[in-house]
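Enquirer: File my_file.cif follows (mmCIF, C-alpha atoms):
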data_my_file
#
loop_
_atom_site.label_atom_id
_atom_site.label_comp_id
_atom_site.auth_asym_id
_atom_site.auth_seq_id
_atom_site.Cartn_x
_atom_site.Cartn_y
_atom_site.Cartn_z
CA MET F 20 0.00 0.00 0.00
CA ARG F 21 2.81 2.42 0.96
CA LEU F 22 4.60 1.55 -2.25
CA LEU F 23 1.47 2.36 -4.25
CA ILE F 24 1.14 5.76 -2.54
CA LEU F 25 4.83 6.49 -3.22
CA LEU F 26 4.40 5.47 -6.87
CA ALA F 27 1.34 7.72 -7.19
CA PHE F 28 3.44 10.63 -5.89
CA LEU F 29 6.19 9.93 -8.40
CA LEU F 30 3.84 9.37 -11.36
CA THR F 31 2.31 12.81 -10.95
CA GLY F 32 5.40 13.99 -12.84
CA CYS F 33 3.90 12.56 -16.03
CA THR F 34 1.28 15.28 -16.14
CA THR F 35 2.70 18.60 -17.25
CA PRO F 36 0.43 21.59 -16.73
CA PRO F 37 -0.17 23.04 -20.19
CA VAL F 38 0.27 26.76 -20.89
CA ILE F 39 -2.42 27.69 -23.40
CA PRO F 40 -2.62 31.27 -24.62
CA GLN F 41 -5.98 32.95 -24.24
CA PHE F 42 -8.04 33.03 -27.43
CA PRO F 43 -7.09 36.33 -29.10
CA GLU F 44 -9.50 39.17 -28.53
CA ALA F 45 -11.53 40.13 -31.59
CA PRO F 46 -10.94 43.58 -33.12
CA THR F 47 -14.18 44.99 -31.70
CA LYS F 48 -12.81 48.55 -31.53
CA ALA F 49 -12.40 48.42 -35.30
CA GLY F 50 -16.11 47.55 -35.55
CA ALA F 51 -15.35 44.14 -36.98
CA MET F 52 -17.95 42.41 -34.80
CA GLU F 53 -20.84 44.48 -36.13
CA ASN F 54 -22.96 43.02 -38.91
CA CYS F 55 -23.02 44.79 -42.24
CA PRO F 56 -26.27 46.74 -42.68
CA ASP F 57 -28.80 46.06 -45.42
CA LEU F 58 -28.51 48.17 -48.56
CA LYS F 59 -30.92 51.02 -49.11
CA LYS F 60 -33.80 50.53 -51.53
CA LEU F 61 -35.50 52.95 -53.88
CA GLN F 62 -39.04 54.25 -53.28
CA ASP F 63 -41.62 54.04 -56.06
CA GLY F 64 -41.59 57.21 -58.12
CA ALA F 65 -38.00 57.97 -57.22
CA LYS F 66 -36.27 60.76 -59.08
CA LEU F 67 -32.86 60.54 -60.77
CA SER F 68 -31.23 62.34 -57.85
CA ASP F 69 -32.81 59.82 -55.44
CA VAL F 70 -31.34 56.99 -57.49
CA SER F 71 -27.92 58.66 -57.42
CA LYS F 72 -28.12 59.26 -53.67
CA THR F 73 -29.22 55.69 -52.97
CA VAL F 74 -26.40 54.33 -55.11
CA ASN F 75 -23.97 56.65 -53.32
CA ILE F 76 -25.17 55.46 -49.91
CA ASN F 77 -25.05 51.82 -50.95
CA TYR F 78 -21.52 52.09 -52.33
CA SER F 79 -20.41 53.79 -49.12
CA THR F 80 -22.09 51.02 -47.13
CA TYR F 81 -20.21 48.44 -49.17
CA TYR F 82 -16.84 50.12 -48.62
CA GLU F 83 -17.52 50.51 -44.90
CA CYS F 84 -18.30 46.81 -44.76
CA ALA F 85 -15.18 46.02 -46.80
CA VAL F 86 -13.15 47.75 -44.08
CA LYS F 87 -14.42 45.13 -41.61
CA SER F 88 -13.42 42.33 -43.93
CA ASP F 89 -9.97 43.86 -44.43
CA VAL F 90 -9.61 44.21 -40.66
CA TRP F 91 -10.37 40.54 -40.17
CA ILE F 92 -7.88 39.50 -42.86
CA GLU F 93 -5.07 41.57 -41.35
CA TRP F 94 -6.06 40.49 -37.83
CA TYR F 95 -5.88 36.80 -38.79
CA GLN F 96 -2.63 37.05 -40.75
CA THR F 97 -0.81 38.98 -38.01
CA ASN F 98 -2.18 36.81 -35.22
CA LYS F 99 -1.18 33.66 -37.09
CA ILE F 100 2.41 34.89 -37.39
CA ASN F 101 2.50 35.87 -33.70
CA TYR F 102 0.88 32.59 -32.62
CA ASP F 103 3.33 30.48 -34.63
CA LYS F 104 6.22 32.22 -32.86
CA ILE F 105 5.07 30.80 -29.49
CA GLY F 106 7.22 27.84 -28.43
CA LYS F 107 9.97 28.57 -30.96
CA MET X 25 5.52 16.85 -9.57
CA LEU X 26 4.03 17.18 -6.10
CA ILE X 27 6.99 15.60 -4.31
CA PHE X 28 9.30 18.31 -5.66
CA GLU X 29 6.88 21.09 -4.82
CA LEU X 30 6.66 19.96 -1.20
CA THR X 31 10.26 18.92 -0.60
CA PRO X 32 13.19 21.33 -0.82
CA GLY X 33 15.96 20.37 -3.25
CA TRP X 34 18.64 20.02 -0.59
CA VAL X 35 16.85 16.94 0.79
CA PHE X 36 17.55 15.02 -2.43
CA HIS X 37 21.12 16.29 -2.63
CA SER X 38 21.66 15.28 1.00
CA LEU X 39 20.27 11.82 0.33
CA PHE X 40 22.66 11.47 -2.59
CA TYR X 41 25.76 12.48 -0.61
CA LEU X 42 24.76 10.56 2.51
CA SER X 43 24.26 7.41 0.43
CA ILE X 44 27.75 7.81 -1.03
CA VAL X 45 29.20 8.32 2.44
CA ALA X 46 27.32 5.25 3.68
CA MET X 47 28.59 3.13 0.79
CA ILE X 48 32.20 4.29 1.15
CA THR X 49 32.04 3.68 4.89
CA GLY X 50 30.44 0.26 4.42
CA PHE X 51 32.77 -0.94 1.68
CA PHE X 52 36.12 0.62 2.62
CA PHE X 53 35.96 1.11 6.36
CA GLY X 54 34.00 -2.03 7.23
CA LYS X 55 36.80 -3.41 9.40
CA VAL X 56 37.10 -0.35 11.61
CA LYS X 57 36.22 -1.17 15.21
CA PHE X 58 33.04 0.90 15.74
CA ILE X 59 31.74 0.48 12.21
CA LYS X 60 32.22 -3.27 11.85
CA GLN X 61 28.85 -4.19 13.34
CA TYR X 62 26.99 -1.80 10.93
CA THR X 63 28.82 -2.76 7.73
CA LEU X 64 26.01 -4.75 6.12
CA MET X 65 23.40 -2.15 7.01
CA LEU X 66 25.59 0.65 5.64
CA LYS X 67 26.20 -1.25 2.37
CA ILE X 68 22.52 -2.08 1.78
CA SER X 69 21.21 1.35 2.78
CA GLY X 70 23.98 3.01 0.77
CA ILE X 71 23.12 1.09 -2.42
CA ILE X 72 19.34 1.56 -2.07
CA GLY X 73 19.76 5.20 -1.05
CA LEU X 74 22.11 5.95 -3.94
CA ALA X 75 19.78 4.31 -6.49
CA THR X 76 16.83 6.26 -5.12
CA ALA X 77 18.84 9.49 -4.96
CA ILE X 78 20.05 9.13 -8.57
CA PHE X 79 16.47 8.57 -9.71
CA LEU X 80 15.19 11.55 -7.72
CA GLU X 81 18.05 13.80 -8.83
CA GLY X 82 17.19 12.94 -12.45
CA ALA X 83 13.52 13.59 -11.84
CA LEU X 84 14.36 16.87 -10.06
CA TYR X 85 16.48 18.00 -13.01
CA ASP X 86 13.65 17.10 -15.39
CA TYR X 87 11.18 18.93 -13.16
CA ASN X 88 13.35 22.06 -13.12
CA VAL X 89 13.78 21.98 -16.89
CA MET X 90 10.01 21.63 -17.29
CA GLN X 91 9.37 24.51 -14.88
CA ALA X 92 11.77 26.71 -16.87
CA ARG X 93 9.92 25.81 -20.08
CA ILE X 94 6.57 26.59 -18.49
CA GLU X 95 7.87 30.00 -17.36
CA GLU X 96 9.16 30.67 -20.87
CA ALA X 97 5.83 29.64 -22.37
CA LYS X 98 3.98 31.91 -19.91
CA GLN X 99 6.19 34.82 -20.91
CA GLN X 100 5.67 34.13 -24.61
CA THR X 101 1.91 33.85 -24.06
CA ALA X 102 1.85 37.21 -22.25
CA GLU X 103 3.83 38.78 -25.12
CA TYR X 104 1.41 37.25 -27.63
CA GLU X 105 -1.60 38.65 -25.78
CA GLN X 106 0.01 42.09 -25.61
CA LYS X 107 0.77 41.95 -29.34
CA ASN X 108 -2.89 41.12 -29.98
CA LYS X 109 -4.00 44.16 -27.99
CA ASP X 110 -1.56 46.39 -29.88
CA LEU X 111 -2.79 44.94 -33.17
CA ASN X 112 -6.42 45.63 -32.25
CA ASP X 113 -5.58 49.23 -31.38
CA LYS X 114 -3.70 49.65 -34.65
CA LEU X 115 -6.59 48.16 -36.64
CA ALA X 116 -9.10 50.40 -34.84
CA LYS X 117 -7.10 53.52 -35.77
CA LYS X 118 -6.64 52.32 -39.35
CA SER X 119 -10.33 51.52 -39.87
CA ASP X 120 -11.41 54.84 -38.29
CA LYS X 121 -9.19 56.64 -40.78
CA VAL X 122 -10.66 54.75 -43.76
CA ARG X 123 -14.24 55.23 -42.49
CA GLU X 124 -13.63 58.95 -42.18
CA LYS X 125 -12.41 59.05 -45.81
CA ILE X 126 -15.50 57.13 -46.95
CA LYS X 127 -17.74 59.54 -45.02
CA VAL X 128 -16.08 62.60 -46.55
CA LYS X 129 -16.34 61.14 -50.04
CA LYS X 130 -20.00 60.24 -49.48
CA GLU X 131 -20.79 63.78 -48.37
CA TYR X 132 -18.91 65.25 -51.31
CA VAL X 133 -20.84 63.08 -53.79
CA THR X 134 -24.16 63.94 -52.06
CA ARG X 135 -23.39 67.64 -52.47
CA TYR X 136 -22.51 67.04 -56.12
CA ILE X 137 -25.82 65.21 -56.66
CA ASP X 138 -27.75 68.04 -55.02
CA LYS X 139 -25.97 70.54 -57.24
CA GLU X 140 -25.73 68.77 -60.61
CA VAL X 141 -27.97 65.70 -60.83
CA THR X 142 -31.12 67.37 -59.48
CA LYS X 143 -31.15 69.47 -62.66
CA TYR X 144 -32.21 66.34 -64.57
CA ASP X 145 -34.89 65.18 -62.13
CA ASN X 146 -37.73 66.47 -64.29
CA THR X 147 -36.25 65.43 -67.64
CA CYS X 148 -35.51 61.82 -66.75
CA ALA X 149 -38.32 59.59 -65.48
CA ILE X 150 -37.28 56.45 -63.64
CA PRO X 151 -39.37 53.47 -64.81
CA LYS X 152 -40.81 51.13 -62.17
CA PRO X 153 -38.97 48.03 -63.53
CA PHE X 154 -35.71 49.89 -62.94
CA VAL X 155 -36.69 50.55 -59.31
CA ASP X 156 -37.73 46.91 -58.87
CA ALA X 157 -34.49 45.62 -60.39
CA HIS X 158 -32.44 47.89 -58.15
CA ASN X 159 -34.37 46.86 -55.04
CA GLN X 160 -34.06 43.18 -55.83
CA SER X 161 -30.30 43.58 -56.20
CA ALA X 162 -30.09 45.52 -52.95
CA GLU X 163 -31.99 42.88 -51.03
CA ARG X 164 -29.95 40.53 -48.85
CA ALA X 165 -29.85 36.94 -50.11
CA LYS X 166 -31.99 34.72 -47.88
#
Can the structure in the file be given as structure tokens, please?
Expert:
Amino acid sequence: MRLLILLAFLLTGCTTPPVIPQFPEAPTKAGAMENCPDLKKLQDGAKLSDVSKTVNINYSTYYECAVKSDVWIEWYQTNKINYDKIGK
Amino acid sequence: MLIFELTPGWVFHSLFYLSIVAMITGFFFGKVKFIKQYTLMLKISGIIGLATAIFLEGALYDYNVMQARIEEAKQQTAEYEQKNKDLNDKLAKKSDKVREKIKVKKEYVTRYIDKEVTKYDNTCAIPKPFVDAHNQSAERAK
């Protein structure tokens, strides 16, 4: 029995406590966690200037949303490089 | 390993040196008057003690190496987390800058529309199929 207890003490060395980095924080400050809004639609009887304005707003919405996508791409690429450096 | 967390390192070193002393005494000074009666005990305890001490010294070395690695990994992890924070700040600044440019451009185009395109509002009628086509394109895919 004593031998078993002693062995149990010695075998605890086989378990190494792992050091796992925290899951990287999302770029929320850059607005990357917000969903892209729906595009604006035209009203019936819209004038040419309304069409132009709606197109202008929708293009701006697209480019604002593209910023989020670009943020995520850069965030992933940089984090991957930094993560791969751990343990080397 | 729990045994190394609870026991100070000098205990294992002492066991190692005491075992050597016991073996040397048992094997080389076994015929000395006061030691003679303990020779066998010194030899056996010396051999067992030395074997145990060598094992424990090896395990202690391994434990220390592992602890050093864990500390290194902790440091690297902290650096990684800091880098992530810095990256997020950098991305926030970058995206704010781009958003500002988009906003300025949008306002500029709106002013241009108000000034130039409105002139053609009465000359160009927008047919309903055009409006429908635009709205269908603008609708999110479900």
Enquirer: When the PyMOL selection byres ((chain F) within 8 of (chain X)) is applied to the structure above, which residues does it catch, written out as a PDB file with C-alpha atoms, in the coordinates of the input?
Expert:
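Output saved as result.pdb:
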ATOM      1  CA  PHE F  28       3.440  10.630  -5.890  1.00  0.00           C
ATOM      2  CA  LEU F  29       6.190   9.930  -8.400  1.00  0.00           C
ATOM      3  CA  LEU F  30       3.840   9.370 -11.360  1.00  0.00           C
ATOM      4  CA  THR F  31       2.310  12.810 -10.950  1.00  0.00           C
ATOM      5  CA  GLY F  32       5.400  13.990 -12.840  1.00  0.00           C
ATOM      6  CA  CYS F  33       3.900  12.560 -16.030  1.00  0.00           C
ATOM      7  CA  THR F  34       1.280  15.280 -16.140  1.00  0.00           C
ATOM      8  CA  THR F  35       2.700  18.600 -17.250  1.00  0.00           C
ATOM      9  CA  PRO F  37      -0.170  23.040 -20.190  1.00  0.00           C
ATOM     10  CA  VAL F  38       0.270  26.760 -20.890  1.00  0.00           C
ATOM     11  CA  ILE F  39      -2.420  27.690 -23.400  1.00  0.00           C
ATOM     12  CA  PRO F  40      -2.620  31.270 -24.620  1.00  0.00           C
ATOM     13  CA  GLN F  41      -5.980  32.950 -24.240  1.00  0.00           C
ATOM     14  CA  PRO F  43      -7.090  36.330 -29.100  1.00  0.00           C
ATOM     15  CA  GLU F  44      -9.500  39.170 -28.530  1.00  0.00           C
ATOM     16  CA  ALA F  45     -11.530  40.130 -31.590  1.00  0.00           C
ATOM     17  CA  PRO F  46     -10.940  43.580 -33.120  1.00  0.00           C
ATOM     18  CA  THR F  47     -14.180  44.990 -31.700  1.00  0.00           C
ATOM     19  CA  LYS F  48     -12.810  48.550 -31.530  1.00  0.00           C
ATOM     20  CA  ALA F  49     -12.400  48.420 -35.300  1.00  0.00           C
ATOM     21  CA  GLY F  50     -16.110  47.550 -35.550  1.00  0.00           C
ATOM     22  CA  ASP F  57     -28.800  46.060 -45.420  1.00  0.00           C
ATOM     23  CA  LEU F  58     -28.510  48.170 -48.560  1.00  0.00           C
ATOM     24  CA  LYS F  59     -30.920  51.020 -49.110  1.00  0.00           C
ATOM     25  CA  LYS F  60     -33.800  50.530 -51.530  1.00  0.00           C
ATOM     26  CA  LEU F  61     -35.500  52.950 -53.880  1.00  0.00           C
ATOM     27  CA  GLN F  62     -39.040  54.250 -53.280  1.00  0.00           C
ATOM     28  CA  ASP F  63     -41.620  54.040 -56.060  1.00  0.00           C
ATOM     29  CA  GLY F  64     -41.590  57.210 -58.120  1.00  0.00           C
ATOM     30  CA  ALA F  65     -38.000  57.970 -57.220  1.00  0.00           C
ATOM     31  CA  LYS F  66     -36.270  60.760 -59.080  1.00  0.00           C
ATOM     32  CA  LEU F  67     -32.860  60.540 -60.770  1.00  0.00           C
ATOM     33  CA  SER F  68     -31.230  62.340 -57.850  1.00  0.00           C
ATOM     34  CA  SER F  71     -27.920  58.660 -57.420  1.00  0.00           C
ATOM     35  CA  LYS F  72     -28.120  59.260 -53.670  1.00  0.00           C
ATOM     36  CA  ASN F  75     -23.970  56.650 -53.320  1.00  0.00           C
ATOM     37  CA  ILE F  76     -25.170  55.460 -49.910  1.00  0.00           C
ATOM     38  CA  SER F  79     -20.410  53.790 -49.120  1.00  0.00           C
ATOM     39  CA  TYR F  82     -16.840  50.120 -48.620  1.00  0.00           C
ATOM     40  CA  GLU F  83     -17.520  50.510 -44.900  1.00  0.00           C
ATOM     41  CA  VAL F  86     -13.150  47.750 -44.080  1.00  0.00           C
ATOM     42  CA  LYS F  87     -14.420  45.130 -41.610  1.00  0.00           C
ATOM     43  CA  VAL F  90      -9.610  44.210 -40.660  1.00  0.00           C
ATOM     44  CA  TRP F  94      -6.060  40.490 -37.830  1.00  0.00           C
ATOM     45  CA  THR F  97      -0.810  38.980 -38.010  1.00  0.00           C
ATOM     46  CA  ASN F  98      -2.180  36.810 -35.220  1.00  0.00           C
ATOM     47  CA  ASN F 101       2.500  35.870 -33.700  1.00  0.00           C
ATOM     48  CA  TYR F 102       0.880  32.590 -32.620  1.00  0.00           C
ATOM     49  CA  ILE F 105       5.070  30.800 -29.490  1.00  0.00           C
ATOM     50  CA  GLY F 106       7.220  27.840 -28.430  1.00  0.00           C
TER      51      GLY F 106
END
Enquirer: In Å, how far is it from CA of Phe40 in chain X to CA of Gln61 in chain X?
Expert: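 Rounded to one decimal, the two atoms are 23.2 Å apart.
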Enquirer: On this file, the PyMOL selection byres ((chain X and resi 70) around 7) gives some set of residues; write that set as an mmCIF file with C-alpha atoms, in the frame of the given file.
Expert:
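Writing done, so here's result.cif:
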data_model
loop_
_atom_site.group_PDB
_atom_site.id
_atom_site.type_symbol
_atom_site.label_atom_id
_atom_site.label_comp_id
_atom_site.auth_asym_id
_atom_site.auth_seq_id
_atom_site.Cartn_x
_atom_site.Cartn_y
_atom_site.Cartn_z
ATOM 1 C CA SER X 43 24.260 7.410 0.430
ATOM 2 C CA ILE X 44 27.750 7.810 -1.030
ATOM 3 C CA ALA X 46 27.320 5.250 3.680
ATOM 4 C CA MET X 47 28.590 3.130 0.790
ATOM 5 C CA LEU X 66 25.590 0.650 5.640
ATOM 6 C CA LYS X 67 26.200 -1.250 2.370
ATOM 7 C CA ILE X 68 22.520 -2.080 1.780
ATOM 8 C CA SER X 69 21.210 1.350 2.780
ATOM 9 C CA ILE X 71 23.120 1.090 -2.420
ATOM 10 C CA ILE X 72 19.340 1.560 -2.070
ATOM 11 C CA GLY X 73 19.760 5.200 -1.050
ATOM 12 C CA LEU X 74 22.110 5.950 -3.940
#
Enquirer: Report, in Å with one decimal, the straight-line distance from CA of Ile48 in chain X to CA of Gly82 in chain X.
Expert: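 Taking CA of Ile48 in chain X and CA of Gly82 in chain X, their separation equals 22.0 Å.
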Enquirer: Mind pulling up the distance from CA of Glu29 in chain X to CA of Val89 in chain X?
Expert: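 Taking CA of Val89 in chain X and CA of Glu29 in chain X, their separation equals 13.9 Å.
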Enquirer: I'd like the box whose edges run along x, y and z of the file and which contains every listed atom of range 97-109 of chain X, padded by 4 Å per side; could you state its centre and edge lengths in Å, one decimal, as AutoDock Vina command-line options?
Expert:
--center_x 1.1 --center_y 36.9 --center_z -24.9 --size_x 18.2 --size_y 22.5 --size_z 18.1
Enquirer: Pick from X:Trp34, X:Phe79, X:Tyr132, X:Tyr62: nearest to Gly50 in chain X, with only C-alpha atoms counted?
Expert: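 The answer is X:Tyr62, which sits nearest to Gly50 in chain X.
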Enquirer: Which residues, protein or nucleic acid, reach to within 10 Å of (-19.1, 41.2, -40.3) in the file's coordinates when using all atoms listed in the file, and can you give that as a compact mmCIF listing (two decimals) with C-alpha atoms, in the frame of the given file?
Expert:
# COMPACT_ATOMS: atom_id res chain seq x y z
CA GLY F 50 -16.11 47.55 -35.55
CA ALA F 51 -15.35 44.14 -36.98
CA MET F 52 -17.95 42.41 -34.80
CA GLU F 53 -20.84 44.48 -36.13
CA ASN F 54 -22.96 43.02 -38.91
CA CYS F 55 -23.02 44.79 -42.24
CA PRO F 56 -26.27 46.74 -42.68
CA CYS F 84 -18.30 46.81 -44.76
CA ALA F 85 -15.18 46.02 -46.80
CA VAL F 86 -13.15 47.75 -44.08
CA LYS F 87 -14.42 45.13 -41.61
CA SER F 88 -13.42 42.33 -43.93
CA VAL F 90 -9.61 44.21 -40.66
CA TRP F 91 -10.37 40.54 -40.17
